[in-house]
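**Q** Just coords.cif, nothing more (mmCIF, C-alpha atoms):
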```
data_input
#
loop_
_atom_site.group_PDB
_atom_site.id
_atom_site.type_symbol
_atom_site.label_atom_id
_atom_site.label_comp_id
_atom_site.auth_asym_id
_atom_site.auth_seq_id
_atom_site.Cartn_x
_atom_site.Cartn_y
_atom_site.Cartn_z
ATOM 1 C CA VAL O 1 25.453 -41.316 -22.509
ATOM 2 C CA GLY O 2 27.272 -40.241 -25.651
ATOM 3 C CA ALA O 3 29.583 -41.649 -28.311
ATOM 4 C CA THR O 4 32.030 -39.116 -29.762
ATOM 5 C CA ASP O 5 32.362 -38.982 -33.583
ATOM 6 C CA ALA O 6 29.944 -41.913 -33.954
ATOM 7 C CA LEU O 7 28.511 -40.618 -37.263
ATOM 8 C CA GLY O 8 31.715 -39.026 -38.553
ATOM 9 C CA ALA O 9 34.138 -36.322 -37.518
ATOM 10 C CA GLY O 10 32.343 -33.838 -35.250
ATOM 11 C CA ILE O 11 29.017 -35.702 -35.223
ATOM 12 C CA ASP O 12 28.244 -37.418 -31.925
ATOM 13 C CA VAL O 13 25.356 -39.664 -30.911
ATOM 14 C CA ARG O 14 23.804 -39.392 -27.480
ATOM 15 C CA GLY O 15 21.114 -41.306 -25.633
ATOM 16 C CA ASN O 16 19.018 -39.455 -23.052
ATOM 17 C CA LEU O 17 17.068 -40.765 -20.100
ATOM 18 C CA GLY O 18 15.299 -38.334 -17.823
ATOM 19 C CA TYR O 19 12.180 -37.366 -15.955
ATOM 20 C CA SER O 20 9.862 -34.496 -16.821
ATOM 21 C CA TYR O 21 8.690 -32.457 -13.836
ATOM 22 C CA LEU O 22 6.708 -29.810 -15.683
ATOM 23 C CA PHE O 23 3.517 -30.046 -17.742
ATOM 24 C CA SER O 24 3.127 -33.793 -18.387
ATOM 25 C CA SER O 25 5.220 -35.653 -15.842
ATOM 26 C CA GLY O 26 6.835 -38.957 -16.741
ATOM 27 C CA PHE O 27 9.984 -40.594 -18.051
ATOM 28 C CA TYR O 28 11.710 -39.418 -21.206
ATOM 29 C CA LEU O 29 13.918 -41.537 -23.509
ATOM 30 C CA GLY O 30 15.544 -40.076 -26.603
ATOM 31 C CA ALA O 31 18.458 -40.236 -29.026
ATOM 32 C CA ASN O 32 20.169 -37.256 -30.644
ATOM 33 C CA ALA O 33 22.713 -36.631 -33.368
ATOM 34 C CA ILE O 34 24.876 -33.723 -32.210
ATOM 35 C CA ILE O 35 26.976 -31.409 -34.414
ATOM 36 C CA HIS O 36 29.639 -29.325 -32.739
ATOM 37 C CA LEU O 37 29.512 -25.616 -33.571
ATOM 38 C CA ASP O 38 32.631 -23.513 -34.040
ATOM 39 C CA VAL O 39 31.942 -20.894 -31.355
ATOM 40 C CA ASP O 40 34.825 -18.972 -29.769
ATOM 41 C CA VAL O 41 34.690 -19.596 -26.008
ATOM 42 C CA SER O 42 38.326 -18.560 -25.465
ATOM 43 C CA ASP O 43 40.219 -21.216 -23.488
ATOM 44 C CA ALA O 44 37.192 -22.435 -21.520
ATOM 45 C CA PRO O 45 36.477 -26.198 -21.834
ATOM 46 C CA ILE O 46 33.003 -25.538 -23.280
ATOM 47 C CA ASP O 47 31.527 -27.273 -26.331
ATOM 48 C CA VAL O 48 28.636 -25.558 -28.115
ATOM 49 C CA TYR O 49 26.432 -27.820 -30.226
ATOM 50 C CA ALA O 50 23.140 -28.254 -32.071
ATOM 51 C CA GLY O 51 21.216 -31.356 -32.997
ATOM 52 C CA GLY O 52 18.052 -33.327 -32.680
ATOM 53 C CA GLY O 53 16.355 -36.673 -32.885
ATOM 54 C CA PRO O 54 13.414 -38.833 -31.817
ATOM 55 C CA PHE O 55 12.042 -39.292 -28.287
ATOM 56 C CA ILE O 56 9.329 -41.102 -26.367
ATOM 57 C CA THR O 57 7.684 -40.257 -23.049
ATOM 58 C CA VAL O 58 6.022 -42.760 -20.724
ATOM 59 C CA GLY O 59 4.512 -42.689 -17.256
ATOM 60 C CA GLY O 60 2.307 -39.612 -17.514
ATOM 61 C CA GLY O 61 0.920 -40.906 -20.792
ATOM 62 C CA PHE O 62 2.653 -42.132 -23.936
ATOM 63 C CA GLY O 63 4.191 -39.580 -26.273
ATOM 64 C CA LEU O 64 6.277 -39.858 -29.432
ATOM 65 C CA GLY O 65 8.040 -37.005 -31.166
ATOM 66 C CA ILE O 66 11.136 -35.322 -32.534
ATOM 67 C CA GLU O 67 13.144 -32.481 -31.071
ATOM 68 C CA ALA O 68 15.699 -29.889 -32.126
ATOM 69 C CA LEU O 69 18.152 -28.420 -29.641
ATOM 70 C CA ILE O 70 21.035 -26.076 -29.070
ATOM 71 C CA GLY O 71 23.253 -26.475 -26.046
ATOM 72 C CA ALA O 72 26.569 -26.118 -24.314
ATOM 73 C CA GLU O 73 28.601 -28.587 -22.302
ATOM 74 C CA TYR O 74 31.267 -27.735 -19.747
ATOM 75 C CA ARG O 75 33.821 -30.552 -19.881
ATOM 76 C CA LEU O 76 35.229 -31.563 -16.507
ATOM 77 C CA SER O 77 38.835 -31.879 -17.680
ATOM 78 C CA SER O 78 39.955 -29.426 -14.977
ATOM 79 C CA VAL O 79 39.075 -32.066 -12.338
ATOM 80 C CA ASP O 80 40.655 -34.960 -14.282
ATOM 81 C CA LEU O 81 37.373 -36.209 -15.781
ATOM 82 C CA PRO O 82 37.787 -35.341 -19.494
ATOM 83 C CA GLN O 83 35.079 -37.872 -20.481
ATOM 84 C CA ALA O 84 32.450 -36.133 -18.320
ATOM 85 C CA GLY O 85 30.575 -32.868 -18.677
ATOM 86 C CA ILE O 86 27.678 -30.811 -17.380
ATOM 87 C CA PHE O 87 25.289 -29.554 -20.049
ATOM 88 C CA PHE O 88 22.396 -27.171 -20.593
ATOM 89 C CA GLU O 89 20.228 -27.253 -23.712
ATOM 90 C CA ILE O 90 16.976 -25.825 -25.021
ATOM 91 C CA GLY O 91 14.836 -26.323 -28.095
ATOM 92 C CA PRO O 92 11.452 -26.986 -29.670
ATOM 93 C CA ASP O 93 9.626 -30.343 -29.750
ATOM 94 C CA LEU O 94 7.147 -31.710 -32.263
ATOM 95 C CA TYR O 95 4.874 -34.336 -30.699
ATOM 96 C CA LEU O 96 3.559 -36.824 -33.248
ATOM 97 C CA ALA O 97 1.532 -39.009 -30.855
ATOM 98 C CA PRO O 98 -0.886 -39.189 -29.149
ATOM 99 C CA SER O 99 -1.718 -36.032 -31.132
ATOM 100 C CA LEU O 100 0.162 -33.499 -33.236
ATOM 101 C CA SER O 101 1.382 -30.654 -30.998
ATOM 102 C CA PHE O 102 4.352 -28.422 -30.310
ATOM 103 C CA GLY O 103 6.329 -28.044 -27.125
ATOM 104 C CA PHE O 104 9.560 -26.693 -25.722
ATOM 105 C CA THR O 105 12.276 -28.460 -23.756
ATOM 106 C CA GLY O 106 15.027 -27.249 -21.457
ATOM 107 C CA ARG O 107 17.506 -29.643 -19.879
ATOM 108 C CA LEU O 108 20.299 -29.542 -17.348
ATOM 109 C CA GLY O 109 22.269 -32.726 -16.919
ATOM 110 C CA PHE O 110 25.419 -34.814 -16.925
ATOM 111 C CA ASN O 111 27.091 -36.514 -19.931
ATOM 112 C CA TYR O 112 29.672 -39.256 -19.952
ATOM 113 C CA HIS O 113 31.468 -39.795 -23.279
ATOM 114 C CA PHE O 114 32.840 -43.202 -24.301
#
```
Please go through the file and, once you have read it, give me the structure as structure tokens.
**A**
Amino acid sequence: VGATDALGAGIDVRGNLGYSYLFSSGFYLGANAIIHLDVDVSDAPIDVYAGGGPFITVGGGFGLGIEALIGAEYRLSSVDLPQAGIFFEIGPDLYLAPSLSFGFTGRLGFNYHF
């Protein structure tokens, strides 16, 4: 779930809830600040962005960390759902607990903007 321009013009805030199927399985909860990047995608309804923020994982063991990401979202305005979009993003993770370690995340999902 995201809030457009929540931290200023072009800076959105998004909350994430998901489930990890690879490596350590369990639920994921995070929050990201997202900055829109000025990338020419012609007339396609695609937003390219970068950002990051804190996250926790539970279920397969507790984890706490921060992540950075780059992604793209295809807005569903062509089917009369301009608030909705399908996204793909990737980026590195820094786990702070239960121990200091690095990881990598890839996501495919659905956003709804308020």
**Q** Rounded to one decimal place, report the CA of Ala33 (chain O)-CA of Ala6 (chain O) distance in Å.
**A**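 Between these atoms lies a distance of 9.0 Å.
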**Q** Considering all atoms listed in the file, state which residue in the set O:Gln83, O:Asn32, O:Ser42, O:Ser99 is at the smallest distance from Glu67 (chain O).
**A**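 Closest to Glu67 (chain O), using all atoms listed in the file: O:Asn32.
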**Q** How many Å lie between CA of Ala31 (chain O) and CA of Gly53 (chain O), rounded to one decimal?
**A**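 CA of Ala31 (chain O) sits 5.7 Å away from CA of Gly53 (chain O).
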**Q** Assuming the chain letters and numbering stay as they are in my file, what does the PyMOL selection byres ((chain O and resi 57-63) around 12) actually select? List them as a VMD selection string.
**A** chain O and resid 16 to 30 54 to 56 64 to 66 93 to 103
**Q** Save the residues we just selected, C-alpha atoms, as a short mmCIF file (atom, residue, chain, number, x, y, z; two decimals), keeping the file's coordinate frame?
**A**
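Below is the file that was written, part.cif:
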```
data_model
loop_
_atom_site.label_atom_id
_atom_site.label_comp_id
_atom_site.auth_asym_id
_atom_site.auth_seq_id
_atom_site.Cartn_x
_atom_site.Cartn_y
_atom_site.Cartn_z
CA ASN O 16 19.02 -39.46 -23.05
CA LEU O 17 17.07 -40.76 -20.10
CA GLY O 18 15.30 -38.33 -17.82
CA TYR O 19 12.18 -37.37 -15.96
CA SER O 20 9.86 -34.50 -16.82
CA TYR O 21 8.69 -32.46 -13.84
CA LEU O 22 6.71 -29.81 -15.68
CA PHE O 23 3.52 -30.05 -17.74
CA SER O 24 3.13 -33.79 -18.39
CA SER O 25 5.22 -35.65 -15.84
CA GLY O 26 6.84 -38.96 -16.74
CA PHE O 27 9.98 -40.59 -18.05
CA TYR O 28 11.71 -39.42 -21.21
CA LEU O 29 13.92 -41.54 -23.51
CA GLY O 30 15.54 -40.08 -26.60
CA PRO O 54 13.41 -38.83 -31.82
CA PHE O 55 12.04 -39.29 -28.29
CA ILE O 56 9.33 -41.10 -26.37
CA LEU O 64 6.28 -39.86 -29.43
CA GLY O 65 8.04 -37.01 -31.17
CA ILE O 66 11.14 -35.32 -32.53
CA ASP O 93 9.63 -30.34 -29.75
CA LEU O 94 7.15 -31.71 -32.26
CA TYR O 95 4.87 -34.34 -30.70
CA LEU O 96 3.56 -36.82 -33.25
CA ALA O 97 1.53 -39.01 -30.86
CA PRO O 98 -0.89 -39.19 -29.15
CA SER O 99 -1.72 -36.03 -31.13
CA LEU O 100 0.16 -33.50 -33.24
CA SER O 101 1.38 -30.65 -31.00
CA PHE O 102 4.35 -28.42 -30.31
CA GLY O 103 6.33 -28.04 -27.12
#
```
**Q** As a check of understanding, name the residues that the PyMOL selection byres ((chain O and resi 50) around 7) selects in the supplied structure, as a list in words.
**A**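 Applied to this file, the PyMOL selection byres ((chain O and resi 50) around 7) selects Ile34, Ile35, His36, Tyr49, Gly51, Leu69, Ile70 and Gly71 of chain O.
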**Q** Would you compute the distance between CA of Asp80 (chain O) and CA of Asp47 (chain O)? Give it in Å to one decimal.
**A**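 Taking CA of Asp80 (chain O) as the start and CA of Asp47 (chain O) as the end point, the length is 17.0 Å.
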**Q** Residues picked by the PyMOL selection byres ((chain O and resi 75) around 10) here, as a short mmCIF file (atom, residue, chain, number, x, y, z; two decimals) with C-alpha atoms, keeping the file's coordinate frame?
**A**
```
data_model
loop_
_atom_site.label_atom_id
_atom_site.label_comp_id
_atom_site.auth_asym_id
_atom_site.auth_seq_id
_atom_site.Cartn_x
_atom_site.Cartn_y
_atom_site.Cartn_z
CA ALA O 44 37.19 -22.44 -21.52
CA PRO O 45 36.48 -26.20 -21.83
CA ILE O 46 33.00 -25.54 -23.28
CA ASP O 47 31.53 -27.27 -26.33
CA ALA O 72 26.57 -26.12 -24.31
CA GLU O 73 28.60 -28.59 -22.30
CA TYR O 74 31.27 -27.74 -19.75
CA LEU O 76 35.23 -31.56 -16.51
CA SER O 77 38.84 -31.88 -17.68
CA SER O 78 39.96 -29.43 -14.98
CA VAL O 79 39.08 -32.07 -12.34
CA ASP O 80 40.66 -34.96 -14.28
CA LEU O 81 37.37 -36.21 -15.78
CA PRO O 82 37.79 -35.34 -19.49
CA GLN O 83 35.08 -37.87 -20.48
CA ALA O 84 32.45 -36.13 -18.32
CA GLY O 85 30.58 -32.87 -18.68
CA ILE O 86 27.68 -30.81 -17.38
CA PHE O 87 25.29 -29.55 -20.05
CA PHE O 110 25.42 -34.81 -16.92
CA ASN O 111 27.09 -36.51 -19.93
CA TYR O 112 29.67 -39.26 -19.95
#
```
**Q** Determine the nearest neighbour of Asp38 (chain O) from the options O:Phe88, O:Gly10, O:Phe114, O:Gly109, counting all atoms listed in the file.
**A**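 Looking only at the distances to Asp38 (chain O), the closest residue turns out to be O:Gly10.
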**Q** Since the input lacks atoms, please generate N, CA and C atoms for region 45-80 of chain O and provide them as a CSV table (one decimal), in the coordinates of the input.
**A**
```csv
chain,number,residue,atom,x,y,z
O,45,PRO,N,36.8,-24.9,-21.3
O,45,PRO,CA,36.5,-26.2,-21.8
O,45,PRO,C,35.0,-26.4,-22.1
O,46,ILE,N,34.4,-25.5,-23.0
O,46,ILE,CA,33.0,-25.5,-23.3
O,46,ILE,C,32.8,-25.9,-24.7
O,47,ASP,N,31.9,-26.9,-25.0
O,47,ASP,CA,31.5,-27.3,-26.3
O,47,ASP,C,30.1,-26.7,-26.6
O,48,VAL,N,29.9,-26.1,-27.7
O,48,VAL,CA,28.6,-25.6,-28.1
O,48,VAL,C,28.2,-26.4,-29.3
O,49,TYR,N,26.9,-26.9,-29.2
O,49,TYR,CA,26.4,-27.8,-30.2
O,49,TYR,C,25.0,-27.6,-30.6
O,50,ALA,N,24.5,-28.2,-31.7
O,50,ALA,CA,23.1,-28.3,-32.1
O,50,ALA,C,22.8,-29.7,-32.6
O,51,GLY,N,21.6,-30.0,-32.5
O,51,GLY,CA,21.2,-31.4,-33.0
O,51,GLY,C,19.7,-31.6,-32.8
O,52,GLY,N,19.4,-32.9,-32.8
O,52,GLY,CA,18.1,-33.3,-32.7
O,52,GLY,C,17.9,-34.8,-32.9
O,53,GLY,N,16.7,-35.3,-32.7
O,53,GLY,CA,16.4,-36.7,-32.9
O,53,GLY,C,15.0,-37.1,-32.3
O,54,PRO,N,14.7,-38.3,-32.3
O,54,PRO,CA,13.4,-38.8,-31.8
O,54,PRO,C,13.4,-39.0,-30.3
O,55,PHE,N,12.2,-39.0,-29.7
O,55,PHE,CA,12.0,-39.3,-28.3
O,55,PHE,C,10.7,-39.9,-28.0
O,56,ILE,N,10.6,-40.6,-26.9
O,56,ILE,CA,9.3,-41.1,-26.4
O,56,ILE,C,9.2,-40.7,-24.9
O,57,THR,N,8.0,-40.5,-24.5
O,57,THR,CA,7.7,-40.3,-23.0
O,57,THR,C,6.7,-41.3,-22.6
O,58,VAL,N,6.9,-41.8,-21.3
O,58,VAL,CA,6.0,-42.8,-20.7
O,58,VAL,C,5.8,-42.4,-19.3
O,59,GLY,N,4.8,-42.9,-18.7
O,59,GLY,CA,4.5,-42.7,-17.3
O,59,GLY,C,3.3,-41.7,-17.0
O,60,GLY,N,3.4,-40.6,-17.6
O,60,GLY,CA,2.3,-39.6,-17.5
O,60,GLY,C,1.5,-39.7,-18.8
O,61,GLY,N,1.6,-40.7,-19.5
O,61,GLY,CA,0.9,-40.9,-20.8
O,61,GLY,C,2.0,-41.1,-21.8
O,62,PHE,N,1.7,-41.9,-22.9
O,62,PHE,CA,2.7,-42.1,-23.9
O,62,PHE,C,2.8,-41.0,-24.9
O,63,GLY,N,4.0,-40.6,-25.3
O,63,GLY,CA,4.2,-39.6,-26.3
O,63,GLY,C,5.3,-40.0,-27.2
O,64,LEU,N,5.2,-39.6,-28.4
O,64,LEU,CA,6.3,-39.9,-29.4
O,64,LEU,C,6.5,-38.6,-30.2
O,65,GLY,N,7.8,-38.2,-30.4
O,65,GLY,CA,8.0,-37.0,-31.2
O,65,GLY,C,9.5,-36.9,-31.6
O,66,ILE,N,9.8,-35.7,-32.1
O,66,ILE,CA,11.1,-35.3,-32.5
O,66,ILE,C,11.5,-34.0,-31.9
O,67,GLU,N,12.7,-33.7,-31.7
O,67,GLU,CA,13.1,-32.5,-31.1
O,67,GLU,C,14.3,-31.9,-31.8
O,68,ALA,N,14.5,-30.6,-31.7
O,68,ALA,CA,15.7,-29.9,-32.1
O,68,ALA,C,16.3,-29.2,-30.9
O,69,LEU,N,17.6,-29.0,-30.8
O,69,LEU,CA,18.2,-28.4,-29.6
O,69,LEU,C,19.4,-27.7,-30.0
O,70,ILE,N,19.7,-26.7,-29.1
O,70,ILE,CA,21.0,-26.1,-29.1
O,70,ILE,C,21.5,-26.1,-27.6
O,71,GLY,N,22.8,-26.3,-27.4
O,71,GLY,CA,23.3,-26.5,-26.0
O,71,GLY,C,24.7,-26.2,-25.9
O,72,ALA,N,25.2,-26.3,-24.7
O,72,ALA,CA,26.6,-26.1,-24.3
O,72,ALA,C,26.9,-27.1,-23.2
O,73,GLU,N,28.1,-27.6,-23.3
O,73,GLU,CA,28.6,-28.6,-22.3
O,73,GLU,C,29.9,-28.1,-21.8
O,74,TYR,N,30.0,-28.1,-20.4
O,74,TYR,CA,31.3,-27.7,-19.7
O,74,TYR,C,32.0,-29.0,-19.4
O,75,ARG,N,33.1,-29.3,-20.1
O,75,ARG,CA,33.8,-30.6,-19.9
O,75,ARG,C,34.6,-30.5,-18.6
O,76,LEU,N,34.6,-31.5,-17.8
O,76,LEU,CA,35.2,-31.6,-16.5
O,76,LEU,C,36.7,-32.0,-16.5
O,77,SER,N,37.4,-31.5,-17.6
O,77,SER,CA,38.8,-31.9,-17.7
O,77,SER,C,39.7,-31.2,-16.6
O,78,SER,N,39.2,-30.1,-16.0
O,78,SER,CA,40.0,-29.4,-15.0
O,78,SER,C,40.0,-30.2,-13.7
O,79,VAL,N,39.1,-31.2,-13.5
O,79,VAL,CA,39.1,-32.1,-12.3
O,79,VAL,C,39.4,-33.5,-12.7
O,80,ASP,N,40.2,-33.7,-13.8
O,80,ASP,CA,40.7,-35.0,-14.3
O,80,ASP,C,39.5,-35.9,-14.7
```
